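Structure below is entry-v5.txt: compact mmCIF, C-alpha atoms and all ligand atoms.
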# COMPACT_ATOMS: atom_id res chain seq x y z
CA MET A 1225 20.81 21.08 -70.97
CA CYS A 1226 19.59 17.69 -72.14
CA MET A 1227 18.73 15.53 -69.17
CA ARG A 1228 17.06 12.18 -69.47
CA VAL A 1229 17.22 8.71 -68.04
CA PHE A 1230 16.35 5.69 -70.14
CA VAL A 1231 16.54 1.92 -70.06
CA CYS A 1232 19.01 0.29 -72.44
CA ARG A 1233 17.32 -3.02 -73.23
CA VAL A 1234 20.44 -4.62 -74.67
CA SER A 1235 22.52 -4.51 -71.51
CA ILE A 1236 19.69 -3.96 -68.98
CA CYS A 1237 21.64 -1.11 -67.47
CA GLU A 1238 20.35 2.36 -66.80
CA TYR A 1239 22.24 5.29 -68.20
CA ALA A 1240 21.94 8.95 -67.61
CA THR A 1241 22.65 11.22 -70.53
CA ILE A 1242 23.58 14.67 -69.37
CA GLY A 1243 24.80 16.89 -72.13
CA ASN A 1244 26.98 14.58 -74.18
CA VAL A 1245 28.11 12.42 -71.29
CA THR A 1246 26.56 8.99 -70.85
CA GLU A 1247 27.48 7.09 -67.75
CA THR A 1248 26.36 3.78 -66.29
CA LEU A 1249 24.69 4.53 -62.98
CA TRP A 1250 23.07 1.29 -61.96
CA GLU A 1251 21.62 -1.94 -63.25
CA ALA A 1252 17.91 -2.55 -63.42
CA ALA A 1253 16.63 -4.69 -60.53
CA SER A 1254 15.32 -8.12 -61.52
CA GLU A 1255 12.54 -9.94 -59.69
CA ALA A 1256 15.23 -12.09 -58.05
CA ASP A 1257 16.98 -8.91 -56.88
CA ILE A 1258 13.74 -7.62 -55.33
CA ASP A 1259 13.31 -10.96 -53.52
CA THR A 1260 16.87 -10.75 -52.19
CA LEU A 1261 16.36 -7.13 -51.12
CA ARG A 1262 13.23 -8.18 -49.25
CA GLN A 1263 15.27 -10.79 -47.37
CA GLN A 1264 18.18 -8.44 -46.73
CA LEU A 1265 16.00 -5.60 -45.44
CA ASP A 1266 13.30 -7.76 -43.85
CA ARG A 1267 10.67 -5.53 -45.46
CA ILE A 1268 9.36 -4.67 -48.89
CA PRO A 1269 12.04 -2.49 -50.50
CA ARG A 1270 10.74 1.00 -51.29
CA GLY A 1271 11.52 3.34 -54.16
CA VAL A 1272 13.86 0.90 -55.92
CA ILE A 1273 15.46 2.44 -59.00
CA GLY A 1274 18.12 -0.21 -59.55
CA ILE A 1275 21.11 -2.02 -58.13
CA GLY A 1276 24.13 0.21 -57.50
CA ALA A 1277 26.61 -2.47 -56.43
CA ARG A 1278 26.64 -6.22 -56.14
CA CYS A 1279 28.34 -8.90 -54.09
CA VAL A 1280 30.72 -11.11 -56.06
CA CYS A 1281 27.90 -13.72 -56.02
CA GLY A 1282 25.61 -11.26 -57.80
CA ARG A 1283 23.29 -10.40 -54.91
CA PRO A 1284 22.65 -6.69 -54.34
CA THR A 1285 25.02 -4.83 -52.02
CA VAL A 1286 23.64 -1.34 -52.62
CA VAL A 1287 20.17 -0.41 -53.84
CA VAL A 1288 19.69 2.88 -55.68
CA THR A 1289 16.59 4.49 -54.18
CA ALA A 1290 14.37 7.24 -55.56
CA PRO A 1291 14.67 10.66 -53.85
CA ARG A 1292 10.90 10.59 -53.38
CA LEU A 1293 9.21 7.38 -52.29
CA GLU A 1294 5.88 6.08 -53.56
CA ASP A 1295 4.06 7.66 -50.61
CA GLY A 1296 5.53 11.06 -51.46
CA SER A 1297 8.06 11.25 -48.65
CA PRO A 1298 11.53 12.57 -49.51
CA PHE A 1299 14.33 10.02 -49.21
CA PRO A 1300 17.88 11.44 -49.23
CA THR A 1301 19.80 8.13 -49.06
CA MET A 1302 20.09 7.38 -52.76
CA PHE A 1303 22.73 4.67 -52.19
CA TYR A 1304 21.29 2.38 -49.55
CA LEU A 1305 23.52 -0.38 -48.21
CA THR A 1306 21.63 -3.68 -48.06
CA HIS A 1307 24.23 -6.44 -47.88
CA PRO A 1308 23.95 -7.98 -44.36
CA GLY A 1309 27.71 -8.49 -44.04
CA ALA A 1310 28.49 -4.93 -45.07
CA VAL A 1311 25.74 -3.52 -42.84
CA LYS A 1312 27.11 -5.49 -39.89
CA GLY A 1313 30.68 -4.44 -40.67
CA CYS A 1314 29.67 -0.76 -40.61
CA SER A 1315 27.71 -1.25 -37.39
CA THR A 1316 30.75 -2.89 -35.76
CA LEU A 1317 32.99 0.04 -36.77
CA GLU A 1318 30.40 2.51 -35.48
CA ALA A 1319 30.12 0.66 -32.15
CA GLU A 1320 33.90 0.86 -31.82
CA LYS A 1321 33.85 4.65 -32.15
CA THR A 1322 35.49 4.65 -35.57
CA MET A 1323 33.38 7.64 -36.54
CA GLU A 1324 35.10 9.73 -33.86
CA GLN A 1325 38.47 8.83 -35.36
CA LEU A 1326 37.24 9.68 -38.86
CA ASN A 1327 35.88 13.02 -37.64
CA ASP A 1328 39.26 13.74 -36.03
CA TRP A 1329 40.94 12.84 -39.32
CA LEU A 1330 38.71 15.29 -41.23
CA ALA A 1331 39.46 17.98 -38.65
CA GLU A 1332 43.23 17.52 -39.08
CA ASP A 1333 43.62 16.75 -42.78
CA ASP A 1334 42.79 19.57 -45.20
CA GLN A 1335 42.91 17.33 -48.26
CA ALA A 1336 40.58 14.74 -46.75
CA ARG A 1337 38.19 17.50 -45.71
CA GLU A 1338 38.15 18.96 -49.23
CA ALA A 1339 37.66 15.50 -50.75
CA TYR A 1340 34.75 14.87 -48.39
CA LYS A 1341 33.12 18.10 -49.53
CA ARG A 1342 33.48 16.93 -53.13
CA ALA A 1343 31.89 13.58 -52.18
CA HIS A 1344 28.89 15.53 -50.86
CA GLU A 1345 28.59 17.42 -54.15
CA ASP A 1346 28.96 14.19 -56.13
CA TYR A 1347 26.16 12.61 -54.11
CA ILE A 1348 23.75 15.46 -54.69
CA SER A 1349 24.53 15.80 -58.38
CA ARG A 1350 23.89 12.08 -58.94
CA ARG A 1351 20.64 12.21 -57.02
CA ARG A 1352 19.43 15.25 -58.95
CA ARG A 1353 19.47 13.09 -62.06
CA LEU A 1354 16.59 11.17 -60.51
CA GLY A 1355 14.56 14.31 -60.00
CA GLU A 1356 14.47 17.49 -57.98
CA VAL A 1357 13.14 17.12 -54.44
CA PRO A 1358 13.17 20.56 -52.78
CA GLU A 1359 12.84 19.17 -49.23
CA ILE A 1360 16.27 17.50 -49.46
CA ASP A 1361 17.98 19.92 -51.80
CA GLY A 1362 21.53 20.46 -50.55
CA ILE A 1363 21.26 17.50 -48.14
CA SER A 1364 23.28 14.40 -48.95
CA ALA A 1365 23.77 11.52 -46.51
CA GLY A 1366 25.93 10.10 -43.77
CA GLY A 1367 26.83 13.50 -42.28
CA MET A 1368 28.43 14.96 -45.41
CA PRO A 1369 29.86 17.50 -46.11
CA THR A 1370 31.47 18.14 -42.71
CA ARG A 1371 30.69 15.28 -40.30
CA VAL A 1372 30.77 11.49 -40.27
CA LYS A 1373 27.43 10.33 -38.88
CA CYS A 1374 26.52 7.09 -40.69
CA LEU A 1375 29.10 4.75 -42.19
CA HIS A 1376 26.39 2.69 -43.91
CA ALA A 1377 25.44 5.65 -46.11
CA LEU A 1378 29.07 6.56 -46.88
CA VAL A 1379 30.06 2.98 -47.69
CA GLY A 1380 26.94 2.63 -49.86
CA HIS A 1381 28.05 5.66 -51.87
CA ALA A 1382 31.66 4.41 -52.12
CA LEU A 1383 30.59 0.96 -53.34
CA ALA A 1384 28.15 2.31 -55.92
CA VAL A 1385 30.39 4.95 -57.50
CA GLY A 1386 33.76 3.22 -57.09
CA GLN A 1387 36.96 4.09 -55.29
CA GLY A 1388 38.24 7.66 -55.22
CA ILE A 1389 34.96 9.56 -54.81
CA ASN A 1390 33.95 9.16 -51.17
CA VAL A 1391 37.11 9.45 -49.12
CA VAL A 1392 35.48 8.40 -45.84
CA GLY A 1393 33.50 5.55 -47.40
CA ASP A 1394 36.73 4.29 -49.00
CA ARG A 1395 38.52 4.48 -45.63
CA ALA A 1396 35.70 2.60 -43.88
CA LEU A 1397 35.94 -0.14 -46.52
CA GLU A 1398 39.70 -0.37 -45.92
CA LEU A 1399 39.14 -0.64 -42.19
CA MET A 1400 36.57 -3.40 -42.68
CA GLU A 1401 39.02 -5.24 -44.91
CA GLU A 1402 41.91 -4.82 -42.43
CA ARG A 1403 39.75 -5.97 -39.55
CA ASN A 1404 38.35 -8.86 -41.57
CA LEU A 1405 34.81 -7.61 -40.93
CA TRP A 1406 33.64 -7.57 -44.53
CA SER A 1407 35.08 -7.35 -48.03
CA PRO A 1408 33.41 -6.67 -51.38
CA THR A 1409 35.72 -9.30 -52.88
CA ARG A 1410 34.39 -12.25 -50.82
CA CYS A 1411 30.84 -13.58 -50.67
CA THR A 1412 29.51 -14.10 -47.15
CA CYS A 1413 25.83 -14.12 -48.13
CA GLU A 1414 25.27 -17.75 -47.11
CA MET A 1415 26.89 -17.36 -43.70
ZN ZN A 1501 27.27 -12.91 -51.94
Encoding of this model in structure tokens:
Amino acid sequence: MCMRVFVCRVSICEYATIGNVTETLWEAASEADIDTLRQQLDRIPRGVIGIGARCVCGRPTVVVTAPRLEDGSPFPTMFYLTHPGAVKGCSTLEAEKTMEQLNDWLAEDDQAREAYKRAHEDYISRRRRLGEVPEIDGISAGGMPTRVKCLHALVGHALAVGQGINVVGDRALELMEERNLWSPTRCTCEM
């Protein structure tokens, strides 16, 4: 199987070509993006591959991170949520025991449980495109495939890959919207 990742200089997007399928995975990070990431994370961002999702203002919302960092340590969270408003929204939901409700939902709803398993497989197959890291092989993020343990990781995945892939991430985004905690359609970066 042909498997390569290259930079398209015309559109400054990264594509993965797997077999005959080419898909946009992320945009290259500019110097301005790296500066913003540094502010958002309050540290030097590590293992940056590109920007997986952006705020409507253009600032990064999700950074795509290498499965192995510069120092050699494995890093399973390929889609890392950086937007302060989104991070805070997830933290608020977690503090309000939303994860317990989502775990109950997965326990009761066969379709949701199956979809969550598929989200886990999606996560791992996307990360494999960045390289094989045996230490985290079969491990995704956020508690997948059976538990909800970190909404930040699940929302990061949902924002980067779009609606319909991570059922729990999608639900957390809906809850944030309903509760007016955060929305990907409004910029709150300057607040
Ligand atoms: Zn913004």
Report as a ChimeraX atom specification which protein, DNA and RNA residues come within 7 Å of ligand ZN 1501 (chain A), using all atoms listed in the file.
-> /A:1279-1283,1411-1413
To one decimal place, how far is CA of Arg1353 (chain A) from CA of Ala1253 (chain A) in Å?
->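 These atoms are spaced 18.1 Å apart.
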Using all atoms listed in the file, what does the table of region 1349-1375 of chain A residues within 12 Å of region 1264-1278 of chain A look like, with each row giving the shortest atom pair and its distance in Å to one decimal, sorted by chain and ascending number, as a tab-separated table?
residue	atom	partner	partner_atom	distance
A:Arg1350	CA	A:Gly1276	CA	12.0
A:Arg1351	CA	A:Ile1273	CA	11.2
A:Arg1353	CA	A:Ile1273	CA	11.8
A:Leu1354	CA	A:Ile1273	CA	8.9
A:Gly1355	CA	A:Ile1273	CA	11.9
Could you list as an NGL selection string every residue that has an atom within 10 Å of (36.4, -0.9, -39.5), using the file's coordinates and counting only C-alpha atoms?
-> :A and (1313-1323 or 1375 or 1395-1406)
Atomic separation - CA of Phe1303 (chain A) relative to CA of Leu1383 (chain A), Å | 8.8 Å
Which value, in Å to one decimal, gives the distance between CA of Gly1393 (chain A) and CA of Arg1410 (chain A)?
-> 18.1 Å
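With all atoms listed in the file as the atoms that count, the minimum distance from Leu1249 (chain A) to the choices A:Val1311, A:Val1385, A:Asp1334, A:Pro1291 is reached by A:Val1385.
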From the set A:Ala1256, A:Ala1377, A:Val1286, A:Ala1384, which residue has the shortest atom-to-atom contact distance to Ser1364 (chain A), counting only C-alpha atoms?
-> A:Ala1377
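Among the candidates A:Glu1332, A:Glu1345, A:Glu1414, A:Asp1259, the residue lying nearest to Asp1361 (chain A) is A:Glu1345 (atoms considered: only C-alpha atoms).
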Select, from A:Ala1310, A:Leu1261, A:Ala1336, A:Val1392, the residue with the minimum atom-to-atom distance to Gly1367 (chain A), counting all atoms listed in the file.
->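 Of A:Ala1310, A:Leu1261, A:Ala1336, A:Val1392, the one nearest Gly1367 (chain A) is A:Val1392, counting all atoms listed in the file.
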Minimum-distance residue to Tyr1347 (chain A), chosen among A:Lys1373, A:Asn1390, A:Gln1325, A:Leu1330 (using all atoms listed in the file) |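 Counting all atoms listed in the file, the residue closest to Tyr1347 (chain A) is A:Asn1390.
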Closest to Gly1386 (chain A) among A:Glu1324, A:Glu1294, A:Glu1255, A:Ala1343, using all atoms listed in the file?
->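 With all atoms listed in the file as the atom set, the closest residue is A:Ala1343.
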